[in-house]
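Participant: File target_33.tsv below, TSV, C-alpha atoms:
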```
chain	number	residue	atom	x	y	z
A	637	MET	CA	-9.81	216.75	477.61
A	638	ASP	CA	-8.51	214.24	480.16
A	639	TRP	CA	-10.06	211.32	478.37
A	640	MET	CA	-7.99	212.07	475.27
A	641	ALA	CA	-4.84	211.18	477.24
A	642	TRP	CA	-2.68	213.94	475.76
A	643	THR	CA	1.09	213.81	475.95
A	644	VAL	CA	3.57	216.55	475.07
A	645	PRO	CA	5.13	214.71	472.09
A	646	THR	CA	1.75	213.90	470.50
A	647	ALA	CA	0.60	217.47	471.11
A	648	ILE	CA	3.70	218.76	469.30
A	649	PHE	CA	3.12	216.23	466.52
A	650	PHE	CA	-0.44	217.46	465.92
A	651	ALA	CA	0.59	221.10	466.31
A	652	VAL	CA	3.20	220.67	463.56
A	653	ILE	CA	0.64	219.05	461.25
A	654	ALA	CA	-1.95	221.73	462.02
A	655	THR	CA	0.63	224.47	461.37
A	656	LEU	CA	1.57	222.85	458.05
A	657	LEU	CA	-2.09	222.64	457.02
A	658	ILE	CA	-2.76	226.27	457.96
A	659	THR	CA	0.42	227.44	456.20
A	660	PHE	CA	-0.50	225.61	453.02
A	661	THR	CA	-4.08	226.90	453.20
A	662	VAL	CA	-2.81	230.47	453.44
A	663	LEU	CA	-0.30	229.83	450.63
A	664	ALA	CA	-3.04	228.41	448.41
A	665	ILE	CA	-5.18	231.51	448.94
A	666	LYS	CA	-2.40	234.11	448.65
A	667	PHE	CA	-0.57	232.48	445.76
A	668	PRO	CA	-2.94	230.45	443.58
A	669	GLU	CA	-1.01	227.96	441.49
A	670	THR	CA	-1.23	225.83	438.40
A	671	PRO	CA	-1.18	222.09	438.98
A	672	ARG	CA	1.84	220.43	437.38
A	673	THR	CA	2.61	216.92	436.21
A	674	GLY	CA	5.68	215.32	437.72
A	675	ILE	CA	7.37	211.92	437.66
A	676	LEU	CA	4.24	210.15	438.93
A	677	ARG	CA	2.49	211.45	435.79
A	678	ILE	CA	-0.38	212.83	437.87
A	679	GLU	CA	-1.34	216.44	438.30
A	680	THR	CA	-0.37	217.73	441.72
A	681	THR	CA	-0.77	220.99	443.61
A	682	ARG	CA	1.28	222.03	446.64
A	683	GLY	CA	-1.39	220.50	448.89
A	684	ASP	CA	-1.21	217.17	447.07
A	685	ARG	CA	2.55	217.17	447.42
A	686	LEU	CA	2.21	217.89	451.15
A	687	PHE	CA	-0.17	214.95	451.49
A	688	ILE	CA	2.18	212.64	449.58
A	689	THR	CA	5.02	213.85	451.80
A	690	LEU	CA	3.17	213.27	455.08
A	691	LEU	CA	1.81	209.87	454.09
A	692	GLY	CA	5.18	208.77	452.74
A	693	SER	CA	6.91	210.01	455.89
A	694	ALA	CA	4.63	207.87	458.03
A	695	PHE	CA	5.68	204.81	456.06
A	696	ILE	CA	9.35	205.82	456.14
A	697	ASN	CA	9.17	206.09	459.94
A	698	LEU	CA	7.46	202.71	460.25
A	699	ALA	CA	9.96	201.09	457.91
A	700	TRP	CA	12.85	202.58	459.89
A	701	LEU	CA	11.34	201.34	463.15
A	702	GLY	CA	10.79	197.86	461.74
A	703	LEU	CA	14.06	197.46	459.83
A	704	VAL	CA	16.61	199.56	461.72
A	705	GLY	CA	14.87	199.72	465.07
A	706	ALA	CA	17.20	202.26	466.68
A	707	SER	CA	17.88	206.02	466.56
A	708	GLN	CA	14.43	206.90	465.26
A	709	PRO	CA	15.24	210.65	464.82
A	710	TYR	CA	17.44	209.76	461.83
A	711	ALA	CA	14.30	208.61	460.06
A	712	LEU	CA	13.15	212.23	460.19
A	713	ILE	CA	16.23	213.30	458.20
A	714	LEU	CA	15.29	210.71	455.59
A	715	CYS	CA	11.75	212.14	455.61
A	716	LEU	CA	13.07	215.65	454.97
A	717	ILE	CA	15.10	214.39	451.99
A	718	TYR	CA	11.99	212.60	450.77
A	719	ALA	CA	9.94	215.79	451.25
A	720	ALA	CA	12.43	217.83	449.24
A	721	ALA	CA	12.35	215.21	446.48
A	722	VAL	CA	8.54	215.17	446.40
A	723	PHE	CA	8.30	218.96	446.22
A	724	ARG	CA	10.97	219.09	443.52
A	725	TRP	CA	9.96	216.23	441.21
A	726	VAL	CA	6.41	215.00	441.88
B	1048	MET	CA	-3.75	222.76	432.37
B	1049	GLU	CA	-3.16	226.50	432.27
B	1050	LYS	CA	-5.93	227.50	434.64
B	1051	THR	CA	-4.90	228.26	438.20
B	1052	VAL	CA	-6.75	226.36	440.88
B	1053	ASN	CA	-8.94	228.37	443.20
B	1054	GLN	CA	-8.98	226.51	446.48
B	1055	LYS	CA	-11.30	228.97	448.25
B	1056	ALA	CA	-14.32	226.77	447.64
B	1057	TRP	CA	-12.93	224.42	450.26
B	1058	PHE	CA	-14.20	226.85	452.90
B	1059	LEU	CA	-17.71	225.71	451.96
B	1060	VAL	CA	-16.99	222.33	453.50
B	1061	LEU	CA	-16.15	223.87	456.88
B	1062	PRO	CA	-19.46	222.83	458.52
B	1063	VAL	CA	-18.88	219.24	457.46
B	1064	LEU	CA	-15.34	219.49	458.73
B	1065	LEU	CA	-16.66	220.49	462.16
B	1066	LEU	CA	-18.94	217.47	462.25
B	1067	VAL	CA	-16.16	215.18	461.07
B	1068	ALA	CA	-13.88	216.65	463.73
B	1069	PHE	CA	-16.13	215.21	466.40
B	1070	SER	CA	-16.91	211.91	464.70
B	1071	ALA	CA	-13.48	211.12	463.29
B	1072	VAL	CA	-10.62	213.57	463.85
B	1073	ILE	CA	-10.82	213.81	467.64
B	1074	PRO	CA	-11.24	210.04	468.12
B	1075	LEU	CA	-8.32	209.49	465.74
B	1076	MET	CA	-6.17	211.91	467.72
B	1077	THR	CA	-7.08	210.00	470.86
B	1078	VAL	CA	-5.99	206.78	469.19
B	1079	VAL	CA	-2.63	208.40	468.39
B	1080	ASN	CA	-2.33	209.44	472.03
B	1081	TYR	CA	-3.15	205.90	473.20
B	1082	SER	CA	-0.60	204.41	470.82
B	1083	VAL	CA	2.36	205.90	472.70
B	1084	GLN	CA	1.09	205.12	476.20
B	1085	ASP	CA	0.17	202.21	478.42
B	1086	THR	CA	-2.86	202.04	480.66
B	1087	PHE	CA	-4.19	199.75	483.34
B	1088	GLY	CA	-7.61	201.40	483.26
B	1089	ASN	CA	-8.96	204.12	485.51
B	1090	ASN	CA	-7.87	206.67	482.88
B	1091	GLN	CA	-4.26	206.53	484.08
B	1092	PHE	CA	-1.65	206.52	481.35
B	1093	PHE	CA	2.07	205.85	481.30
B	1094	TRP	CA	4.48	206.87	478.56
B	1095	ALA	CA	5.56	203.94	476.41
B	1096	GLY	CA	7.12	205.73	473.45
B	1097	LEU	CA	7.33	203.69	470.25
B	1098	GLU	CA	7.19	200.40	472.11
B	1099	TRP	CA	3.74	199.36	470.80
B	1100	PHE	CA	4.66	200.16	467.23
B	1101	ARG	CA	7.83	198.09	467.60
B	1102	GLU	CA	5.84	195.26	469.15
B	1103	MET	CA	3.19	195.34	466.43
B	1104	LEU	CA	5.75	195.51	463.60
B	1105	SER	CA	7.44	192.37	464.91
B	1106	SER	CA	4.20	190.66	465.88
B	1107	GLU	CA	3.56	187.51	463.90
B	1108	ARG	CA	-0.10	187.83	464.76
B	1109	MET	CA	-0.43	191.10	462.87
B	1110	TRP	CA	1.51	189.94	459.82
B	1111	ASP	CA	-0.54	186.74	459.73
B	1112	ALA	CA	-3.77	188.73	459.86
B	1113	LEU	CA	-2.45	191.00	457.11
B	1114	GLY	CA	-1.54	187.94	455.03
B	1115	ARG	CA	-5.03	186.47	455.47
B	1116	GLN	CA	-6.55	189.83	454.67
B	1117	LEU	CA	-4.58	190.19	451.43
B	1118	MET	CA	-5.42	186.61	450.49
B	1119	PHE	CA	-9.11	187.25	451.12
B	1120	SER	CA	-9.14	190.45	449.06
B	1121	GLY	CA	-7.12	188.75	446.30
B	1122	ILE	CA	-9.44	185.73	446.10
B	1123	ILE	CA	-12.68	187.70	446.05
B	1124	LEU	CA	-11.32	190.09	443.40
B	1125	ALA	CA	-10.15	187.17	441.25
B	1126	ILE	CA	-13.66	185.72	441.38
B	1127	GLU	CA	-15.93	188.77	441.47
B	1128	VAL	CA	-14.39	190.78	438.63
B	1129	PRO	CA	-14.44	188.11	435.88
B	1130	LEU	CA	-17.80	186.80	437.13
B	1131	GLY	CA	-19.26	190.31	437.22
B	1132	ILE	CA	-18.11	190.97	433.65
B	1133	PHE	CA	-19.51	187.61	432.54
B	1134	VAL	CA	-22.89	188.36	434.12
B	1135	ALA	CA	-22.97	191.86	432.61
B	1136	LEU	CA	-22.18	190.50	429.13
B	1137	ASN	CA	-25.07	188.06	429.37
B	1138	MET	CA	-27.68	190.42	430.74
B	1139	PRO	CA	-30.49	191.50	428.41
B	1140	LYS	CA	-29.77	194.93	426.96
B	1141	SER	CA	-33.33	196.31	427.01
B	1142	GLY	CA	-36.96	195.54	427.75
B	1143	PHE	CA	-38.70	194.00	430.74
B	1144	TRP	CA	-36.03	191.42	431.48
B	1145	ALA	CA	-33.30	194.05	431.60
B	1146	SER	CA	-35.13	195.93	434.36
B	1147	PHE	CA	-35.98	192.64	436.06
B	1148	CYS	CA	-32.31	191.61	436.09
B	1149	LEU	CA	-31.21	195.00	437.40
B	1150	VAL	CA	-33.65	194.85	440.32
B	1151	LEU	CA	-32.76	191.24	441.07
B	1152	MET	CA	-29.06	192.03	441.03
B	1153	SER	CA	-29.45	195.01	443.33
B	1154	LEU	CA	-31.16	192.97	446.05
B	1155	PRO	CA	-28.03	191.56	447.72
B	1156	LEU	CA	-26.54	195.05	447.77
B	1157	LEU	CA	-29.45	196.33	449.85
B	1158	ILE	CA	-29.13	193.77	452.63
B	1159	PRO	CA	-27.32	194.97	455.76
B	1160	TRP	CA	-23.97	193.32	456.44
B	1161	ASN	CA	-24.97	191.59	459.66
B	1162	VAL	CA	-28.08	190.16	458.01
B	1163	VAL	CA	-25.95	188.77	455.18
B	1164	GLY	CA	-23.74	187.18	457.82
B	1165	THR	CA	-26.73	185.68	459.62
B	1166	ILE	CA	-28.23	184.37	456.38
B	1167	TRP	CA	-25.04	182.49	455.53
B	1168	GLN	CA	-24.44	181.41	459.08
B	1169	ILE	CA	-27.78	179.62	459.09
B	1170	PHE	CA	-27.58	178.56	455.41
B	1171	GLY	CA	-24.31	176.75	456.08
B	1172	ARG	CA	-25.32	174.96	459.27
B	1173	VAL	CA	-25.26	171.19	458.97
B	1174	ASP	CA	-28.32	170.63	461.17
B	1175	ILE	CA	-30.83	173.17	459.84
B	1176	GLY	CA	-29.15	175.04	456.94
B	1177	LEU	CA	-30.07	174.14	453.38
B	1178	LEU	CA	-26.48	174.33	452.10
B	1179	GLY	CA	-24.85	172.59	455.03
B	1180	TYR	CA	-27.49	169.88	455.25
B	1181	THR	CA	-27.41	169.15	451.50
B	1182	LEU	CA	-23.61	168.98	451.36
B	1183	ASP	CA	-23.58	166.75	454.42
B	1184	LYS	CA	-26.16	164.39	452.88
B	1185	LEU	CA	-24.11	164.29	449.67
B	1186	GLY	CA	-21.27	162.96	451.76
B	1187	ILE	CA	-19.12	166.10	451.57
B	1188	ASN	CA	-17.45	166.93	454.85
B	1189	TYR	CA	-18.52	170.53	455.35
B	1190	ASN	CA	-18.44	172.23	458.72
B	1191	TYR	CA	-17.41	175.86	458.77
B	1192	THR	CA	-17.01	175.95	462.54
B	1193	GLN	CA	-14.32	173.26	462.54
B	1194	ASP	CA	-12.77	173.07	459.10
B	1195	THR	CA	-10.53	175.90	457.85
B	1196	ILE	CA	-11.21	175.26	454.16
B	1197	ALA	CA	-14.98	175.15	454.74
B	1198	ALA	CA	-14.84	178.39	456.72
B	1199	TRP	CA	-12.87	180.13	453.97
B	1200	VAL	CA	-15.12	178.78	451.22
B	1201	THR	CA	-18.14	180.04	453.18
B	1202	ILE	CA	-16.89	183.60	453.68
B	1203	VAL	CA	-15.57	183.85	450.11
B	1204	VAL	CA	-18.82	182.54	448.60
B	1205	MET	CA	-20.78	184.87	450.89
B	1206	ASP	CA	-18.78	187.87	449.71
B	1207	VAL	CA	-19.13	186.81	446.09
B	1208	TRP	CA	-22.90	186.47	446.60
B	1209	HIS	CA	-23.10	189.84	448.27
B	1210	TRP	CA	-20.92	191.94	445.99
B	1211	THR	CA	-20.60	190.41	442.50
B	1212	SER	CA	-23.75	192.36	441.61
B	1213	LEU	CA	-21.90	195.60	442.21
B	1214	VAL	CA	-19.20	194.67	439.71
B	1215	ALA	CA	-21.83	193.37	437.30
B	1216	LEU	CA	-23.94	196.54	437.52
B	1217	LEU	CA	-20.91	198.77	436.98
B	1218	ALA	CA	-19.70	196.66	434.06
B	1219	TYR	CA	-23.25	196.70	432.64
B	1220	ALA	CA	-23.30	200.51	432.83
B	1221	GLY	CA	-19.97	200.55	430.98
B	1222	LEU	CA	-21.31	198.21	428.30
B	1223	LYS	CA	-24.48	200.25	427.80
B	1224	SER	CA	-22.41	203.34	427.03
B	1225	ILE	CA	-20.78	201.75	423.95
B	1226	PRO	CA	-22.39	203.18	420.78
B	1227	ASP	CA	-23.87	200.68	418.33
B	1228	ALA	CA	-21.52	201.91	415.61
B	1229	TYR	CA	-18.63	200.04	417.22
B	1230	TYR	CA	-20.48	196.72	417.01
B	1231	GLN	CA	-21.56	197.42	413.43
B	1232	ALA	CA	-17.96	198.15	412.45
B	1233	ALA	CA	-16.88	194.92	414.15
B	1234	LYS	CA	-19.56	193.00	412.24
B	1235	ILE	CA	-18.38	194.45	408.91
B	1236	ASP	CA	-14.84	193.35	409.78
B	1237	GLN	CA	-16.20	189.94	410.76
B	1238	ALA	CA	-14.60	190.18	414.17
B	1239	SER	CA	-15.04	187.14	416.40
B	1240	ARG	CA	-16.96	187.35	419.70
B	1241	TRP	CA	-13.65	187.24	421.61
B	1242	LYS	CA	-12.18	190.08	419.54
B	1243	VAL	CA	-15.27	192.23	420.08
B	1244	PHE	CA	-14.81	191.71	423.80
B	1245	ARG	CA	-11.05	192.21	423.78
B	1246	PHE	CA	-10.85	195.28	421.55
B	1247	ILE	CA	-14.21	197.04	422.02
B	1248	GLU	CA	-15.98	196.06	425.21
B	1249	LEU	CA	-13.03	195.65	427.58
B	1250	PRO	CA	-11.29	198.96	426.75
B	1251	LYS	CA	-14.62	200.80	426.99
B	1252	MET	CA	-15.33	199.22	430.37
B	1253	MET	CA	-11.87	199.95	431.76
B	1254	GLY	CA	-12.93	203.11	433.62
B	1255	VAL	CA	-15.85	201.59	435.50
B	1256	LEU	CA	-13.95	198.35	436.06
B	1257	MET	CA	-11.18	200.30	437.71
B	1258	ILE	CA	-13.72	201.84	440.06
B	1259	ALA	CA	-15.24	198.42	440.73
B	1260	ILE	CA	-11.87	196.83	441.49
B	1261	LEU	CA	-10.76	199.61	443.80
B	1262	LEU	CA	-14.12	199.77	445.59
B	1263	ARG	CA	-14.16	196.04	446.13
B	1264	PHE	CA	-10.56	196.01	447.27
B	1265	MET	CA	-11.12	198.77	449.81
B	1266	ASP	CA	-14.35	197.29	451.08
B	1267	SER	CA	-13.01	193.78	451.43
B	1268	PHE	CA	-9.88	195.11	453.10
B	1269	MET	CA	-12.00	196.64	455.85
B	1270	ILE	CA	-14.51	193.79	456.08
B	1271	TYR	CA	-15.63	192.95	459.61
B	1272	THR	CA	-19.29	192.16	460.15
B	1273	GLU	CA	-19.96	189.30	457.75
B	1274	PRO	CA	-17.05	186.98	458.62
B	1275	PHE	CA	-17.44	187.93	462.28
B	1276	VAL	CA	-21.09	186.83	462.29
B	1277	VAL	CA	-20.39	183.62	460.36
B	1278	THR	CA	-17.14	182.31	461.81
B	1279	GLY	CA	-16.17	184.78	464.55
B	1280	GLY	CA	-12.63	184.59	463.18
B	1281	GLY	CA	-12.36	180.83	463.64
B	1282	PRO	CA	-11.73	177.97	463.52
B	1283	GLY	CA	-8.71	178.98	465.58
B	1284	ASN	CA	-7.53	182.13	463.85
B	1285	ALA	CA	-8.16	180.87	460.34
B	1286	THR	CA	-10.55	183.63	459.30
B	1287	THR	CA	-9.35	186.35	461.68
B	1288	LEU	CA	-9.02	189.20	459.23
B	1289	LEU	CA	-7.41	192.51	460.14
B	1290	SER	CA	-10.40	194.31	461.62
B	1291	ILE	CA	-11.58	191.21	463.52
B	1292	ASP	CA	-8.12	190.91	465.06
B	1293	LEU	CA	-8.10	194.59	465.91
B	1294	VAL	CA	-11.43	194.41	467.73
B	1295	LYS	CA	-10.27	191.30	469.59
B	1296	MET	CA	-7.17	193.14	470.73
B	1297	ALA	CA	-8.85	196.41	471.68
B	1298	LEU	CA	-12.13	195.24	473.19
B	1299	GLY	CA	-11.47	191.60	474.01
B	1300	GLN	CA	-8.06	191.92	475.64
B	1301	PHE	CA	-8.34	195.65	476.38
B	1302	ASP	CA	-4.78	196.16	475.07
B	1303	LEU	CA	-5.44	199.77	474.13
B	1304	GLY	CA	-1.82	200.71	473.37
B	1305	PRO	CA	-0.97	197.89	470.94
B	1306	ALA	CA	-4.46	198.08	469.41
B	1307	ALA	CA	-4.00	201.82	468.86
B	1308	ALA	CA	-0.61	201.27	467.18
B	1309	PHE	CA	-2.21	198.53	465.07
B	1310	SER	CA	-5.12	200.85	464.14
B	1311	ILE	CA	-2.78	203.60	463.01
B	1312	MET	CA	-0.85	201.27	460.72
B	1313	TYR	CA	-4.11	199.82	459.38
B	1314	PHE	CA	-5.39	203.37	458.85
B	1315	LEU	CA	-2.21	204.34	456.98
B	1316	VAL	CA	-2.60	201.40	454.60
B	1317	ILE	CA	-6.25	202.31	453.99
B	1318	LEU	CA	-5.30	205.96	453.51
B	1319	LEU	CA	-2.66	204.97	450.95
B	1320	ILE	CA	-5.12	202.81	449.04
B	1321	SER	CA	-7.80	205.51	449.19
B	1322	TRP	CA	-5.35	208.03	447.82
B	1323	VAL	CA	-4.43	205.71	444.93
B	1324	PHE	CA	-8.17	205.15	444.38
B	1325	TYR	CA	-8.88	208.89	444.30
B	1326	THR	CA	-5.89	209.68	442.09
B	1327	VAL	CA	-6.65	206.96	439.56
B	1328	MET	CA	-10.29	207.99	439.36
B	1329	THR	CA	-9.67	211.71	438.95
B	1330	ASN	CA	-6.98	211.07	436.35
B	1331	LEU	CA	-9.25	208.73	434.40
B	1332	ASP	CA	-11.92	211.45	434.47
B	1333	LYS	CA	-9.50	214.01	433.13
B	1334	ARG	CA	-8.28	211.73	430.37
B	1335	GLU	CA	-11.84	211.00	429.28
B	1336	GLY	CA	-13.09	214.55	429.76
```
Once more with this new file: its structure as structure tokens, please.
Facilitator:
Amino acid sequence: MDWMAWTVPTAIFFAVIATLLITFTVLAIKFPETPRTGILRIETTRGDRLFITLLGSAFINLAWLGLVGASQPYALILCLIYAAAVFRWV
Amino acid sequence: MEKTVNQKAWFLVLPVLLLVAFSAVIPLMTVVNYSVQDTFGNNQFFWAGLEWFREMLSSERMWDALGRQLMFSGIILAIEVPLGIFVALNMPKSGFWASFCLVLMSLPLLIPWNVVGTIWQIFGRVDIGLLGYTLDKLGINYNYTQDTIAAWVTIVVMDVWHWTSLVALLAYAGLKSIPDAYYQAAKIDQASRWKVFRFIELPKMMGVLMIAILLRFMDSFMIYTEPFVVTGGGPGNATTLLSIDLVKMALGQFDLGPAAAFSIMYFLVILLISWVFYTVMTNLDKREG
């Protein structure tokens, strides 16, 4: 695994994503759901909303880094607000 | 939709997932690891944090390449889509010539990318290429290795030659699915040719056209081989599109960190577009179905 050049922060990053994926997989099996149509006017399941959240968060972080450039952790707070909004309205 | 979604079928793709893990997921994770570190080779890495992302976001080079990339995709879409529709409208609807046209149109699609590049590289040469030689003899200053406009015209025309058939074939499939009754009704109403196109053919083709546009956008956004073979990104940086620039950075300069940060941002853009592509297609299917 040396060639993969692991670091603690990236390992945590992937662990969080893996945990999220496993959690949502278990949720999807234990509690099957009906897709719903939100403000994007597309049908979404929990998994879709997770994907939209993760992808959007990546762009939020990049935008924060490019526009604000300092105190990156605050971007995560913005991501959490975004996540809540996606799970509530999309 | 009242039916609940059973996601268990996803377990059937587990074997594929394992394969993809080795061919894509693990390499991608490595790229993420590289993007936050610096290396001088010898497999020794030093923590760099978000430095490479910051550098790439403020790098003129990357924004320029992105600008060129968007311009390239915009130009080829603006040419290929109307041209493809035009070709499809004028293709014979049945009989020997219909099959003949279909086979003829599929030919460019079957040629490997690097061969297409080589064909046009030679075709455009002023000394031995038919196109370059003819243009030169006609007194037109055409040299894709030195002139920016000539280089752009060459790669755009090459892409149009290679991929318009795809748009045309998709549009043709859309046209073929329109029942005759629509045309008969239009004839009774004495609709003009334009109105038949605007109110019958275009709406009926919308689904396949959407697929064609998104496919062409995605493909042209990731294009590497053809322009690399023809111009190598030159003259200067004039045709250095995103993936050409990325390869230059990663393999030419061996700047693994910045190249990794660049790759991740490039990947995110592609992922976003793919998601839009997937969503639009599945929603069109549902609306039609």
Participant: For chain B, work out the contacting residues on chain A at 10 Å, counting all atoms listed in the file, and write them as an NGL selection string.
Facilitator: :A and (637-647 or 649-650 or 661 or 664-665 or 667-673 or 677-681 or 683 or 687-688 or 691-692 or 694-695 or 698-699 or 701-703 or 705 or 708)
Participant: What's the 12 Å shell around A:Ile713, counting all atoms listed in the file, without same-chain residues fewer than 5 positions away, as JSON, numbers by chain?
Facilitator: {"A": [693, 696, 697, 700, 707, 708, 718, 719, 720]}
Participant: In Å to one decimal, how far is atom CA of B:Gly1279 from atom CA of B:Ser1212?
Facilitator: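 Computed distance, atom CA of B:Ser1212 to atom CA of B:Gly1279, equals 25.3 Å.
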Participant: Taking the point (-29.9, 190.4, 446.3) as given in the file, collect each protein or nucleic acid residue that comes within 12 Å of it, counting only C-alpha atoms, and present the set as a PyMOL selection string.
Facilitator: chain B and resi 1148-1159+1162-1163+1166+1205-1213
Participant: Between atom CA of B:Gln1237 and atom CA of B:Tyr1219, what is the distance, to one decimal in Å?
Facilitator: 24.0 Å
Participant: Can you work out which one of A:Val726, A:Thr689, A:Ile658, A:Ile648 has the shortest atom-to-atom distance to A:Leu714, counting all atoms listed in the file?
Facilitator: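 Among the listed residues, A:Thr689 lies closest to A:Leu714.
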Participant: Separation of atom CA of B:Ser1224 and atom CA of B:Phe1324, in Å?
Facilitator: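 We find that atom CA of B:Ser1224 and atom CA of B:Phe1324 lie 22.5 Å from each other.
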Participant: Taking all atoms of stretch 1308-1325 of chain B that the file lists, what box with edges along x, y and z, padded by 5 Å per side, do you get, with centre and edge lengths in Å to one decimal, as lines of an AutoDock Vina configuration file?
Facilitator:
```
center_x = -4.7
center_y = 203.7
center_z = 455.7
size_x = 18.3
size_y = 20.4
size_z = 32.9
```
Participant: For B:Gly1283, which residue out of B:Phe1058, B:Phe1143, B:Phe1264, B:Tyr1191 is the nearest one, using only C-alpha atoms?
Facilitator: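 So, comparing all the options, the nearest one is B:Tyr1191.
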Participant: Please return, as a PyMOL selection string, all polymer residues that have at least one atom within 12 Å of the point (-17.3, 200.1, 432.9); use only C-alpha atoms and the file's own coordinate frame.
Facilitator: chain B and resi 1128+1131-1132+1135-1136+1213-1225+1247-1260+1331
